[in-house]
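Visitor: Next comes upload.tsv, TSV, C-alpha atoms (C1' of nucleotides):
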```
chain	number	residue	atom	x	y	z
A	9	MET	CA	32.66	19.22	-25.16
A	10	SER	CA	35.19	21.28	-26.94
A	11	ASN	CA	37.33	18.49	-28.31
A	12	ASP	CA	34.49	16.64	-29.96
A	13	PRO	CA	35.04	16.25	-33.68
A	14	PRO	CA	33.10	18.72	-35.81
A	15	GLY	CA	29.72	17.33	-36.80
A	16	PHE	CA	30.67	16.98	-40.42
A	17	GLU	CA	33.53	14.61	-39.67
A	18	LEU	CA	31.28	11.57	-39.33
A	19	PRO	CA	29.69	11.78	-42.80
A	20	LEU	CA	33.02	12.68	-44.32
A	21	ARG	CA	34.74	9.71	-42.71
A	22	LEU	CA	31.97	7.42	-43.92
A	23	PHE	CA	32.42	8.75	-47.41
A	24	LEU	CA	36.19	8.52	-47.22
A	25	GLY	CA	35.90	4.96	-45.99
A	26	PHE	CA	33.67	4.13	-48.92
A	27	ARG	CA	35.94	5.87	-51.36
A	28	THR	CA	39.05	4.28	-49.93
A	29	LEU	CA	37.60	0.82	-50.52
A	30	ILE	CA	36.19	1.60	-53.95
A	31	ASP	CA	39.39	3.25	-55.14
A	32	ALA	CA	41.48	0.34	-53.90
A	33	LEU	CA	39.09	-2.08	-55.58
A	34	HIS	CA	39.35	-0.36	-58.92
A	35	ALA	CA	43.08	0.06	-58.75
A	36	GLU	CA	43.38	-3.68	-58.20
A	37	LEU	CA	40.72	-4.44	-60.79
A	38	ALA	CA	42.65	-2.38	-63.32
A	39	ARG	CA	45.77	-4.38	-62.47
A	40	GLN	CA	43.83	-7.60	-63.02
A	41	GLY	CA	42.72	-6.76	-66.53
A	42	HIS	CA	39.69	-4.54	-66.03
A	43	PRO	CA	41.00	-1.01	-66.34
A	44	GLU	CA	37.83	0.41	-67.94
A	45	VAL	CA	35.39	-0.58	-65.23
A	46	ARG	CA	34.09	2.49	-63.39
A	47	PRO	CA	32.67	2.31	-59.87
A	48	MET	CA	29.20	2.82	-61.30
A	49	HIS	CA	29.60	-0.23	-63.50
A	50	GLY	CA	30.44	-2.44	-60.56
A	51	PHE	CA	27.23	-1.50	-58.84
A	52	VAL	CA	25.21	-2.00	-61.95
A	53	MET	CA	26.74	-5.42	-62.66
A	54	GLN	CA	26.15	-6.40	-59.06
A	55	ALA	CA	22.53	-5.32	-59.48
A	56	ILE	CA	22.21	-7.28	-62.73
A	57	GLY	CA	23.37	-10.38	-60.95
A	58	MET	CA	23.72	-13.93	-62.24
A	59	ARG	CA	20.13	-14.26	-63.38
A	60	GLY	CA	20.04	-11.24	-65.66
A	61	THR	CA	17.47	-8.51	-65.66
A	62	THR	CA	15.82	-5.92	-67.90
A	63	ALA	CA	16.32	-2.19	-68.24
A	64	VAL	CA	13.07	-1.39	-66.46
A	65	GLU	CA	13.75	-3.78	-63.60
A	66	LEU	CA	17.31	-2.52	-63.31
A	67	GLY	CA	16.09	1.05	-63.17
A	68	ARG	CA	13.75	0.14	-60.36
A	69	THR	CA	16.49	-1.66	-58.44
A	70	LEU	CA	18.88	1.24	-58.76
A	71	GLY	CA	16.28	3.94	-58.28
A	72	VAL	CA	16.79	5.61	-61.64
A	73	SER	CA	14.65	5.93	-64.76
A	74	LYS	CA	14.50	3.08	-67.23
A	75	GLN	CA	16.14	5.36	-69.80
A	76	ALA	CA	19.10	6.01	-67.54
A	77	ALA	CA	19.40	2.31	-66.80
A	78	GLY	CA	19.24	1.66	-70.53
A	79	LYS	CA	22.07	4.09	-71.21
A	80	THR	CA	24.29	2.51	-68.60
A	81	VAL	CA	23.57	-0.93	-70.01
A	82	GLU	CA	24.53	0.39	-73.44
A	83	THR	CA	27.89	1.54	-72.10
A	84	LEU	CA	28.44	-1.79	-70.37
A	85	GLU	CA	27.51	-3.58	-73.57
A	86	ARG	CA	29.97	-1.51	-75.56
A	87	LEU	CA	32.67	-2.45	-73.05
A	88	GLY	CA	31.77	-6.11	-73.38
A	89	TYR	CA	30.56	-6.70	-69.85
A	90	VAL	CA	26.93	-7.44	-70.62
A	91	GLU	CA	24.89	-8.60	-73.58
A	92	ARG	CA	21.24	-8.19	-74.45
A	93	ALA	CA	18.91	-10.75	-75.97
A	94	ARG	CA	15.19	-10.68	-76.63
A	95	ASP	CA	13.10	-12.66	-74.18
A	96	PRO	CA	11.41	-15.43	-76.20
A	97	HIS	CA	8.46	-15.42	-73.79
A	98	ASP	CA	7.86	-11.69	-74.15
A	99	THR	CA	9.36	-10.13	-77.22
A	100	ARG	CA	9.05	-6.64	-75.78
A	101	ARG	CA	11.63	-7.44	-73.16
A	102	LYS	CA	15.36	-7.59	-73.61
A	103	ILE	CA	17.21	-9.60	-71.04
A	104	VAL	CA	20.50	-8.09	-69.93
A	105	ARG	CA	23.01	-10.74	-68.92
A	106	LEU	CA	26.61	-10.63	-67.77
A	107	THR	CA	29.10	-11.89	-70.30
A	108	PRO	CA	31.96	-14.12	-69.16
A	109	ARG	CA	34.05	-10.95	-68.97
A	110	GLY	CA	31.40	-9.29	-66.79
A	111	LEU	CA	31.25	-12.34	-64.59
A	112	ASP	CA	35.02	-12.32	-64.31
A	113	ALA	CA	34.99	-8.70	-63.19
A	114	LEU	CA	32.33	-9.48	-60.62
A	115	THR	CA	34.03	-12.51	-59.12
A	116	ARG	CA	37.34	-10.68	-58.99
A	117	SER	CA	35.59	-7.77	-57.29
A	118	ALA	CA	34.15	-10.10	-54.69
A	119	ARG	CA	37.57	-11.55	-53.95
A	120	ILE	CA	39.22	-8.13	-53.79
A	121	PHE	CA	36.52	-6.84	-51.45
A	122	GLU	CA	37.18	-9.75	-49.14
A	123	GLU	CA	40.87	-8.93	-49.16
A	124	LEU	CA	40.19	-5.28	-48.45
A	125	ARG	CA	37.89	-6.20	-45.61
A	126	ALA	CA	40.61	-8.49	-44.27
A	127	GLY	CA	42.98	-5.54	-44.40
A	128	TRP	CA	40.63	-3.50	-42.26
A	129	ALA	CA	40.17	-6.44	-39.92
A	130	ALA	CA	43.93	-6.63	-39.52
A	131	LYS	CA	44.04	-2.96	-38.56
A	132	LEU	CA	40.97	-2.79	-36.36
A	133	GLY	CA	40.58	-6.35	-35.18
A	134	GLU	CA	37.85	-8.63	-36.42
A	135	GLU	CA	35.63	-7.85	-33.48
A	136	ARG	CA	35.77	-4.09	-33.91
A	137	LEU	CA	35.10	-4.45	-37.61
A	138	ARG	CA	32.07	-6.64	-36.96
A	139	ALA	CA	30.84	-4.05	-34.48
A	140	LEU	CA	31.32	-1.33	-37.08
A	141	GLU	CA	29.35	-3.30	-39.64
A	142	ALA	CA	26.61	-4.08	-37.14
A	143	ASP	CA	26.36	-0.43	-36.12
A	144	LEU	CA	26.16	0.73	-39.71
A	145	ARG	CA	23.48	-1.84	-40.38
A	146	ALA	CA	21.55	-0.41	-37.44
A	147	VAL	CA	21.51	3.15	-38.77
A	148	THR	CA	21.06	2.55	-42.50
A	149	PRO	CA	18.11	1.32	-44.55
A	150	GLN	CA	17.73	-2.41	-44.99
A	151	ASP	CA	17.61	-2.47	-48.76
A	152	VAL	CA	21.24	-2.26	-49.68
A	153	PHE	CA	20.53	-1.94	-53.36
A	154	ARG	CA	18.38	1.13	-53.44
A	155	LEU	CA	21.50	3.20	-53.40
A	156	ASP	CA	20.24	5.83	-55.75
A	157	VAL	CA	23.96	6.26	-56.25
A	158	PRO	CA	23.68	7.76	-59.68
A	159	GLY	CA	22.93	11.40	-59.72
A	160	TRP	CA	21.85	11.74	-56.11
A	161	PHE	CA	24.61	14.26	-55.70
A	162	GLY	CA	23.32	16.81	-58.15
B	5	MET	CA	32.53	-18.71	-42.85
B	6	SER	CA	29.40	-19.07	-44.87
B	7	ASN	CA	27.30	-16.49	-43.06
B	8	ASP	CA	29.79	-13.69	-43.33
B	9	PRO	CA	28.31	-10.73	-45.12
B	10	PRO	CA	29.31	-10.48	-48.77
B	11	GLY	CA	32.41	-8.36	-49.20
B	12	PHE	CA	30.57	-5.58	-50.91
B	13	GLU	CA	28.33	-4.96	-47.93
B	14	LEU	CA	30.93	-2.94	-46.04
B	15	PRO	CA	31.48	-0.28	-48.71
B	16	LEU	CA	27.77	-0.15	-49.41
B	17	ARG	CA	26.95	0.36	-45.75
B	18	LEU	CA	29.52	3.11	-45.52
B	19	PHE	CA	27.98	4.79	-48.50
B	20	LEU	CA	24.46	4.32	-47.19
B	21	GLY	CA	25.50	5.76	-43.86
B	22	PHE	CA	26.94	8.77	-45.64
B	23	ARG	CA	23.89	9.18	-47.80
B	24	THR	CA	21.52	8.78	-44.87
B	25	LEU	CA	23.21	11.64	-43.05
B	26	ILE	CA	23.49	13.88	-46.10
B	27	ASP	CA	19.90	13.29	-47.14
B	28	ALA	CA	18.67	14.05	-43.64
B	29	LEU	CA	20.83	17.16	-43.53
B	30	HIS	CA	19.42	18.51	-46.74
B	31	ALA	CA	15.84	17.67	-45.87
B	32	GLU	CA	16.26	19.66	-42.66
B	33	LEU	CA	18.19	22.42	-44.42
B	34	ALA	CA	15.35	22.75	-46.92
B	35	ARG	CA	12.92	23.06	-44.01
B	36	GLN	CA	15.09	25.80	-42.52
B	37	GLY	CA	15.05	28.02	-45.58
B	38	HIS	CA	17.74	26.52	-47.81
B	39	PRO	CA	15.86	24.30	-50.22
B	40	GLU	CA	18.19	24.95	-53.16
B	41	VAL	CA	21.42	23.83	-51.52
B	42	ARG	CA	22.67	20.59	-53.06
B	43	PRO	CA	25.03	18.21	-51.24
B	44	MET	CA	27.83	19.35	-53.52
B	45	HIS	CA	27.31	22.94	-52.47
B	46	GLY	CA	27.68	22.14	-48.80
B	47	PHE	CA	31.07	20.58	-49.46
B	48	VAL	CA	32.17	23.45	-51.58
B	49	MET	CA	31.11	26.05	-49.03
B	50	GLN	CA	32.83	24.07	-46.32
B	51	ALA	CA	35.94	24.09	-48.48
B	52	ILE	CA	35.66	27.82	-49.14
B	53	GLY	CA	35.58	28.42	-45.43
B	54	MET	CA	35.50	31.69	-43.52
B	55	ARG	CA	38.62	33.11	-45.10
B	56	GLY	CA	37.55	32.82	-48.70
B	57	THR	CA	39.52	31.30	-51.55
B	58	THR	CA	39.98	31.43	-55.31
B	59	ALA	CA	38.78	29.17	-58.09
B	60	VAL	CA	42.21	27.66	-58.61
B	61	GLU	CA	42.78	27.04	-54.93
B	62	LEU	CA	39.29	25.63	-54.53
B	63	GLY	CA	39.87	23.29	-57.44
B	64	ARG	CA	43.04	22.04	-55.81
B	65	THR	CA	41.30	21.53	-52.47
B	66	LEU	CA	38.46	19.60	-54.02
B	67	GLY	CA	40.56	17.74	-56.52
B	68	VAL	CA	38.85	19.09	-59.64
B	69	SER	CA	39.93	21.39	-62.45
B	70	LYS	CA	39.86	25.12	-61.90
B	71	GLN	CA	37.19	25.37	-64.60
B	72	ALA	CA	34.93	22.92	-62.78
B	73	ALA	CA	35.50	24.80	-59.52
B	74	GLY	CA	34.70	28.03	-61.36
B	75	LYS	CA	31.43	26.64	-62.66
B	76	THR	CA	30.33	25.52	-59.22
B	77	VAL	CA	31.23	28.91	-57.78
B	78	GLU	CA	29.14	30.48	-60.50
B	79	THR	CA	26.13	28.40	-59.49
B	80	LEU	CA	26.67	29.22	-55.83
B	81	GLU	CA	26.95	32.88	-56.74
B	82	ARG	CA	23.72	32.75	-58.69
B	83	LEU	CA	22.03	31.20	-55.64
B	84	GLY	CA	23.40	33.96	-53.43
B	85	TYR	CA	25.66	31.82	-51.25
B	86	VAL	CA	29.00	33.27	-52.31
B	87	GLU	CA	30.27	36.45	-53.89
B	88	ARG	CA	33.41	37.21	-55.86
B	89	ALA	CA	35.61	40.28	-55.66
B	90	ARG	CA	38.90	41.10	-57.31
B	91	ASP	CA	41.93	40.79	-55.10
B	92	PRO	CA	43.43	44.31	-54.86
B	93	HIS	CA	46.90	42.82	-54.40
B	94	ASP	CA	46.70	40.69	-57.53
B	95	THR	CA	44.12	41.77	-60.03
B	96	ARG	CA	44.19	38.45	-61.79
B	97	ARG	CA	42.66	36.77	-58.76
B	98	LYS	CA	39.04	36.82	-57.70
B	99	ILE	CA	38.41	36.04	-54.07
B	100	VAL	CA	35.37	33.88	-53.45
B	101	ARG	CA	33.72	34.60	-50.11
B	102	LEU	CA	30.64	33.29	-48.35
B	103	THR	CA	27.76	35.73	-48.17
B	104	PRO	CA	25.73	36.02	-44.94
B	105	ARG	CA	23.29	33.57	-46.52
B	106	GLY	CA	26.12	31.17	-47.25
B	107	LEU	CA	27.37	31.50	-43.72
B	108	ASP	CA	23.88	30.88	-42.42
B	109	ALA	CA	23.63	27.67	-44.42
B	110	LEU	CA	26.98	26.56	-43.08
B	111	THR	CA	26.24	27.23	-39.42
B	112	ARG	CA	22.85	25.57	-39.72
B	113	SER	CA	24.52	22.58	-41.36
B	114	ALA	CA	26.92	22.33	-38.45
B	115	ARG	CA	24.09	22.33	-35.93
B	116	ILE	CA	22.06	19.80	-37.91
B	117	PHE	CA	25.07	17.50	-38.22
B	118	GLU	CA	25.46	17.61	-34.45
B	119	GLU	CA	21.82	16.65	-34.04
B	120	LEU	CA	22.14	13.80	-36.52
B	121	ARG	CA	25.22	12.55	-34.75
B	122	ALA	CA	23.29	12.71	-31.47
B	123	GLY	CA	20.58	10.61	-33.11
B	124	TRP	CA	23.14	7.95	-33.98
B	125	ALA	CA	24.59	8.16	-30.49
B	126	ALA	CA	21.11	7.52	-29.07
B	127	LYS	CA	20.78	4.40	-31.22
B	128	LEU	CA	24.27	3.00	-30.86
B	129	GLY	CA	25.45	4.47	-27.60
B	130	GLU	CA	28.01	7.22	-27.35
B	131	GLU	CA	30.82	4.77	-26.79
B	132	ARG	CA	30.09	2.63	-29.82
B	133	LEU	CA	29.77	5.73	-31.96
B	134	ARG	CA	33.12	7.03	-30.75
B	135	ALA	CA	34.62	3.65	-31.53
B	136	LEU	CA	33.12	3.77	-35.00
B	137	GLU	CA	34.57	7.20	-35.61
B	138	ALA	CA	37.95	6.19	-34.26
B	139	ASP	CA	38.00	3.09	-36.45
B	140	LEU	CA	37.07	5.05	-39.54
B	141	ARG	CA	39.76	7.55	-38.74
B	142	ALA	CA	42.23	4.68	-38.54
B	143	VAL	CA	41.45	3.35	-42.02
B	144	THR	CA	40.94	6.59	-43.97
B	145	PRO	CA	43.36	9.25	-45.12
B	146	GLN	CA	44.08	12.08	-42.73
B	147	ASP	CA	43.25	14.91	-45.07
B	148	VAL	CA	39.50	15.04	-44.79
B	149	PHE	CA	39.14	17.60	-47.51
B	150	ARG	CA	40.69	15.91	-50.48
B	151	LEU	CA	37.40	14.24	-51.08
B	152	ASP	CA	37.53	14.37	-54.84
B	153	VAL	CA	33.80	14.03	-54.36
B	154	PRO	CA	32.82	15.55	-57.66
B	155	GLY	CA	32.95	13.26	-60.56
B	156	TRP	CA	35.04	10.55	-58.99
B	157	PHE	CA	32.18	8.21	-59.72
B	158	GLY	CA	32.25	8.46	-63.48
C	22	DA	C1'	-12.36	-12.37	-80.41
C	23	DC	C1'	-10.85	-8.26	-79.77
C	24	DA	C1'	-10.22	-3.63	-78.12
C	25	DC	C1'	-7.99	-1.24	-74.77
C	26	DG	C1'	-4.88	-0.31	-70.95
C	27	DA	C1'	-0.39	-1.40	-69.17
C	28	DT	C1'	4.34	-2.42	-70.05
C	29	DA	C1'	9.18	-2.59	-72.47
C	30	DG	C1'	12.17	-0.33	-74.99
C	31	DA	C1'	14.06	3.46	-77.81
C	32	DC	C1'	14.77	8.23	-79.22
C	33	DA	C1'	15.12	13.21	-78.55
C	34	DA	C1'	15.88	17.36	-76.06
C	35	DC	C1'	17.62	19.07	-72.13
C	36	DC	C1'	20.35	19.70	-67.45
C	37	DT	C1'	24.44	19.35	-64.45
C	38	DG	C1'	28.94	18.83	-63.50
C	39	DG	C1'	32.94	17.04	-65.00
C	40	DT	C1'	36.99	17.19	-68.75
C	41	DT	C1'	40.60	19.33	-72.05
C	42	DC	C1'	42.23	22.90	-75.09
C	43	DA	C1'	42.95	27.57	-76.12
C	44	DC	C1'	43.20	32.26	-75.01
C	45	DT	C1'	43.88	36.85	-72.35
C	46	DA	C1'	45.52	39.46	-68.58
C	47	DT	C1'	48.55	39.94	-64.96
C	48	DT	C1'	52.33	38.97	-61.97
C	49	DT	C1'	56.95	37.41	-61.00
C	50	DA	C1'	61.59	35.97	-61.95
C	51	DG	C1'	65.87	36.14	-64.47
D	26	DC	C1'	62.47	44.14	-70.02
D	27	DT	C1'	61.38	39.96	-71.60
D	28	DA	C1'	59.86	35.33	-70.60
D	29	DA	C1'	57.60	32.01	-67.77
D	30	DA	C1'	54.04	31.11	-64.58
D	31	DT	C1'	49.51	31.90	-62.91
D	32	DA	C1'	44.24	33.33	-62.65
D	33	DG	C1'	40.26	33.37	-64.90
D	34	DT	C1'	37.16	32.50	-68.90
D	35	DG	C1'	35.02	30.39	-72.95
D	36	DA	C1'	34.19	26.57	-76.07
D	37	DA	C1'	33.61	21.90	-77.29
D	38	DC	C1'	32.91	17.68	-75.50
D	39	DC	C1'	31.43	13.64	-72.36
D	40	DA	C1'	28.75	10.82	-68.93
D	41	DG	C1'	24.68	10.09	-66.76
D	42	DG	C1'	20.71	11.83	-65.18
D	43	DT	C1'	15.77	13.78	-66.33
D	44	DT	C1'	11.11	14.15	-68.84
D	45	DG	C1'	8.20	13.52	-72.80
D	46	DT	C1'	6.85	10.97	-76.80
D	47	DC	C1'	6.41	7.04	-79.68
D	48	DT	C1'	6.02	2.01	-81.10
D	49	DA	C1'	5.48	-2.79	-80.28
D	50	DT	C1'	3.77	-6.27	-77.57
D	51	DC	C1'	1.25	-8.39	-73.88
D	52	DG	C1'	-2.79	-9.42	-71.08
D	53	DT	C1'	-7.38	-8.75	-69.55
D	54	DG	C1'	-12.42	-7.91	-69.51
D	55	DT	C1'	-16.43	-7.73	-72.02
```
Would you mind writing the structure in this file as structure tokens?
Guide:
Amino acid sequence: MSNDPPGFELPLRLFLGFRTLIDALHAELARQGHPEVRPMHGFVMQAIGMRGTTAVELGRTLGVSKQAAGKTVETLERLGYVERARDPHDTRRKIVRLTPRGLDALTRSARIFEELRAGWAAKLGEERLRALEADLRAVTPQDVFRLDVPGWFG
Amino acid sequence: MSNDPPGFELPLRLFLGFRTLIDALHAELARQGHPEVRPMHGFVMQAIGMRGTTAVELGRTLGVSKQAAGKTVETLERLGYVERARDPHDTRRKIVRLTPRGLDALTRSARIFEELRAGWAAKLGEERLRALEADLRAVTPQDVFRLDVPGWFG
DNA sequence: ACACGATAGACAACCTGGTTCACTATTTAG
DNA sequence: CTAAATAGTGAACCAGGTTGTCTATCGTGT
């Protein structure tokens, strides 16, 4: 039909939706004392999680090389969001853990995401939003963490 | 409630949805004779459009510096998707136009996007998909082209 | 017991795509 | 006719990605 949206609107809207949320998150995060956190860092810290991880493991989780993961960890370390310590059980390994500051950023992010989702729910209605989430779940891969975010665009 | 999805699932699903479509597009595009086109290039060509543009204007549209826009145009030119010609009315300007090959990539992209959308419609139902699109439209900015795609992630 | 393969991390060289600064050429406005 | 604005380009730099190479350590099989 002639008044269908052009085919490229759907992917663009998905991206804009993503960007809208991420931009709002980081604007609020900056206001709450974390102005240096970049979107990338949020994903990486989320992937590091409470239990810590290693560069190799992190690379696997994110779908990038261990060297790339290592570089990102270095940046995060410089910013004070993570710290590295040798694993006493395997002195080759270095465990990457969130610092209190990293943890703070992560818990604030979680809260802000909930608020942003609530904002959408207020606009769309909780039911429509749940439907949207369910539909997206149905057409996207299960493993939410293999985003391959970094560099997939090049 | 305790079994709500974590707040970060929504943005991630949006991104995964986007990536799923874009990856499928480029896999198919590669199969149809455009293996060198990167996601970025599709956006840029879309933004160049049928009427052509200039580096400065393109930069404004995409939300990047004119130099960055110029570099991308250079790449696209090297790949044979666009060509540049001096504007006879203002010899400072260089008009960037799609070549036949660029146009071919763009029209194929449009058709492939329609097919991908049809695939989603088959999974979700046309009505649910329309609802999803309508909801996304309601929570995202109107101007679909100020994506600021490039580099917003860093 | 030990040699050897697998693994973790680090370093270097390189690519892409972004940034800012500086500069030239041209157009436009006063 | 001069001065400001604009288009394009080049250089230096940055982030984050890649591959290849190297070292240290671990774990296994003979």
Visitor: Up to 9 Å from chain B, what residues of chain C turn up? Count all atoms listed in the file and give them as an MDAnalysis selection string.
Guide: chainID C and resid 38:40 46:48
Visitor: Present chain B as a short mmCIF file (atom, residue, chain, number, x, y, z; two decimals) with C-alpha atoms, in the frame of the given file, least-squares fitted onto chain A over all of its C-alpha atoms paired in order.
Guide:
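Result file follows (superposed.cif):
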```cif
data_model
loop_
_atom_site.label_atom_id
_atom_site.label_comp_id
_atom_site.auth_asym_id
_atom_site.auth_seq_id
_atom_site.Cartn_x
_atom_site.Cartn_y
_atom_site.Cartn_z
CA MET B 5 32.32 19.37 -25.29
CA SER B 6 34.73 21.56 -27.13
CA ASN B 7 36.96 18.84 -28.53
CA ASP B 8 34.20 16.81 -30.07
CA PRO B 9 34.73 16.39 -33.77
CA PRO B 10 32.67 18.76 -35.90
CA GLY B 11 29.36 17.21 -36.86
CA PHE B 12 30.28 16.91 -40.48
CA GLU B 13 33.21 14.64 -39.76
CA LEU B 14 31.08 11.53 -39.37
CA PRO B 15 29.46 11.65 -42.82
CA LEU B 16 32.75 12.63 -44.38
CA ARG B 17 34.55 9.73 -42.76
CA LEU B 18 31.87 7.36 -43.94
CA PHE B 19 32.25 8.67 -47.43
CA LEU B 20 36.03 8.54 -47.27
CA GLY B 21 35.87 4.99 -46.02
CA PHE B 22 33.63 4.09 -48.93
CA ARG B 23 35.83 5.86 -51.41
CA THR B 24 38.99 4.33 -49.99
CA LEU B 25 37.60 0.84 -50.53
CA ILE B 26 36.17 1.56 -53.97
CA ASP B 27 39.34 3.26 -55.17
CA ALA B 28 41.45 0.36 -53.95
CA LEU B 29 39.08 -2.10 -55.58
CA HIS B 30 39.31 -0.42 -58.93
CA ALA B 31 43.06 0.03 -58.79
CA GLU B 32 43.38 -3.70 -58.19
CA LEU B 33 40.71 -4.52 -60.76
CA ALA B 34 42.62 -2.48 -63.33
CA ARG B 35 45.75 -4.46 -62.47
CA GLN B 36 43.82 -7.69 -62.98
CA GLY B 37 42.70 -6.90 -66.50
CA HIS B 38 39.66 -4.67 -66.00
CA PRO B 39 40.98 -1.15 -66.35
CA GLU B 40 37.83 0.23 -67.97
CA VAL B 41 35.38 -0.72 -65.23
CA ARG B 42 34.11 2.37 -63.42
CA PRO B 43 32.69 2.25 -59.88
CA MET B 44 29.23 2.76 -61.33
CA HIS B 45 29.62 -0.31 -63.50
CA GLY B 46 30.45 -2.54 -60.56
CA PHE B 47 27.22 -1.53 -58.86
CA VAL B 48 25.22 -2.03 -61.97
CA MET B 49 26.68 -5.46 -62.64
CA GLN B 50 26.08 -6.41 -59.04
CA ALA B 51 22.49 -5.30 -59.49
CA ILE B 52 22.13 -7.23 -62.74
CA GLY B 53 23.23 -10.35 -60.95
CA MET B 54 23.50 -13.90 -62.23
CA ARG B 55 19.91 -14.14 -63.37
CA GLY B 56 19.89 -11.15 -65.65
CA THR B 57 17.35 -8.34 -65.71
CA THR B 58 15.78 -5.73 -67.96
CA ALA B 59 16.36 -2.01 -68.32
CA VAL B 60 13.13 -1.14 -66.55
CA GLU B 61 13.75 -3.52 -63.69
CA LEU B 62 17.34 -2.37 -63.38
CA GLY B 63 16.20 1.23 -63.26
CA ARG B 64 13.82 0.39 -60.45
CA THR B 65 16.52 -1.47 -58.52
CA LEU B 66 18.97 1.37 -58.83
CA GLY B 67 16.46 4.12 -58.39
CA VAL B 68 17.00 5.78 -61.77
CA SER B 69 14.87 6.17 -64.89
CA LYS B 70 14.67 3.31 -67.34
CA GLN B 71 16.38 5.52 -69.92
CA ALA B 72 19.34 6.14 -67.63
CA ALA B 73 19.55 2.42 -66.87
CA GLY B 74 19.39 1.76 -70.61
CA LYS B 75 22.26 4.12 -71.29
CA THR B 76 24.46 2.50 -68.67
CA VAL B 77 23.64 -0.94 -70.06
CA GLU B 78 24.63 0.34 -73.47
CA THR B 79 28.03 1.42 -72.15
CA LEU B 80 28.50 -1.90 -70.38
CA GLU B 81 27.55 -3.69 -73.57
CA ARG B 82 30.05 -1.69 -75.57
CA LEU B 83 32.73 -2.65 -73.03
CA GLY B 84 31.77 -6.31 -73.35
CA TYR B 85 30.52 -6.83 -69.80
CA VAL B 86 26.87 -7.51 -70.58
CA GLU B 87 24.83 -8.64 -73.55
CA ARG B 88 21.18 -8.16 -74.43
CA ALA B 89 18.80 -10.67 -75.97
CA ARG B 90 15.10 -10.49 -76.66
CA ASP B 91 12.92 -12.36 -74.23
CA PRO B 92 11.16 -15.09 -76.27
CA HIS B 93 8.18 -14.96 -73.91
CA ASP B 94 7.69 -11.22 -74.30
CA THR B 95 9.27 -9.71 -77.35
CA ARG B 96 9.06 -6.23 -75.94
CA ARG B 97 11.61 -7.12 -73.27
CA LYS B 98 15.35 -7.39 -73.68
CA ILE B 99 17.11 -9.45 -71.07
CA VAL B 100 20.42 -8.03 -69.94
CA ARG B 101 22.90 -10.71 -68.90
CA LEU B 102 26.49 -10.68 -67.72
CA THR B 103 28.99 -12.00 -70.23
CA PRO B 104 31.84 -14.26 -69.05
CA ARG B 105 33.97 -11.11 -68.88
CA GLY B 106 31.34 -9.41 -66.75
CA LEU B 107 31.17 -12.41 -64.49
CA ASP B 108 34.93 -12.44 -64.22
CA ALA B 109 34.95 -8.81 -63.13
CA LEU B 110 32.30 -9.56 -60.55
CA THR B 111 34.01 -12.58 -59.02
CA ARG B 112 37.32 -10.76 -58.93
CA SER B 113 35.60 -7.83 -57.24
CA ALA B 114 34.21 -10.16 -54.61
CA ARG B 115 37.64 -11.59 -53.87
CA ILE B 116 39.27 -8.16 -53.77
CA PHE B 117 36.59 -6.86 -51.41
CA GLU B 118 37.33 -9.76 -49.08
CA GLU B 119 41.01 -8.88 -49.14
CA LEU B 120 40.30 -5.22 -48.45
CA ARG B 121 38.05 -6.16 -45.58
CA ALA B 122 40.83 -8.39 -44.24
CA GLY B 123 43.16 -5.39 -44.44
CA TRP B 124 40.78 -3.37 -42.28
CA ALA B 125 40.42 -6.30 -39.90
CA ALA B 126 44.21 -6.40 -39.54
CA LYS B 127 44.24 -2.70 -38.63
CA LEU B 128 41.20 -2.57 -36.39
CA GLY B 129 40.88 -6.11 -35.17
CA GLU B 130 38.21 -8.49 -36.33
CA GLU B 131 36.00 -7.71 -33.39
CA ARG B 132 36.04 -3.96 -33.85
CA LEU B 133 35.35 -4.38 -37.54
CA ARG B 134 32.38 -6.63 -36.83
CA ALA B 135 31.12 -4.05 -34.38
CA LEU B 136 31.50 -1.35 -37.00
CA GLU B 137 29.55 -3.39 -39.51
CA ALA B 138 26.86 -4.22 -36.99
CA ASP B 139 26.52 -0.57 -36.01
CA LEU B 140 26.26 0.55 -39.61
CA ARG B 141 23.66 -2.09 -40.22
CA ALA B 142 21.71 -0.71 -37.28
CA VAL B 143 21.57 2.84 -38.63
CA THR B 144 21.10 2.21 -42.37
CA PRO B 145 18.16 0.94 -44.36
CA GLN B 146 17.86 -2.80 -44.80
CA ASP B 147 17.62 -2.83 -48.56
CA VAL B 148 21.25 -2.56 -49.54
CA PHE B 149 20.49 -2.20 -53.19
CA ARG B 150 18.33 0.87 -53.31
CA LEU B 151 21.47 2.91 -53.37
CA ASP B 152 20.21 5.57 -55.72
CA VAL B 153 23.93 6.00 -56.22
CA PRO B 154 23.71 7.57 -59.63
CA GLY B 155 22.99 11.19 -59.67
CA TRP B 156 21.79 11.52 -56.11
CA PHE B 157 24.55 14.03 -55.63
CA GLY B 158 23.34 16.62 -58.08
#
```
Visitor: Could you check which of D:DT53, D:DG35, D:DC26, D:DA40 is closest to chain B, using all atoms listed in the file?
Guide: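 When distances to chain B are compared using all atoms listed in the file, the smallest one comes from D:DA40.
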Visitor: Using all atoms listed in the file, select each residue of chain D with any atom at most 12 Å away from an atom of chain A, and give the selection as a compact mmCIF listing (two decimals) with C-alpha atoms (C1' of nucleotides), in the coordinates of the input.
Guide:
```txt
# COMPACT_ATOMS: atom_id res chain seq x y z
C1' DA D 40 28.75 10.82 -68.93
C1' DG D 41 24.68 10.09 -66.76
C1' DG D 42 20.71 11.83 -65.18
C1' DT D 43 15.77 13.78 -66.33
C1' DT D 44 11.11 14.15 -68.84
C1' DG D 45 8.20 13.52 -72.80
C1' DT D 48 6.02 2.01 -81.10
C1' DA D 49 5.48 -2.79 -80.28
C1' DT D 50 3.77 -6.27 -77.57
C1' DC D 51 1.25 -8.39 -73.88
C1' DG D 52 -2.79 -9.42 -71.08
```
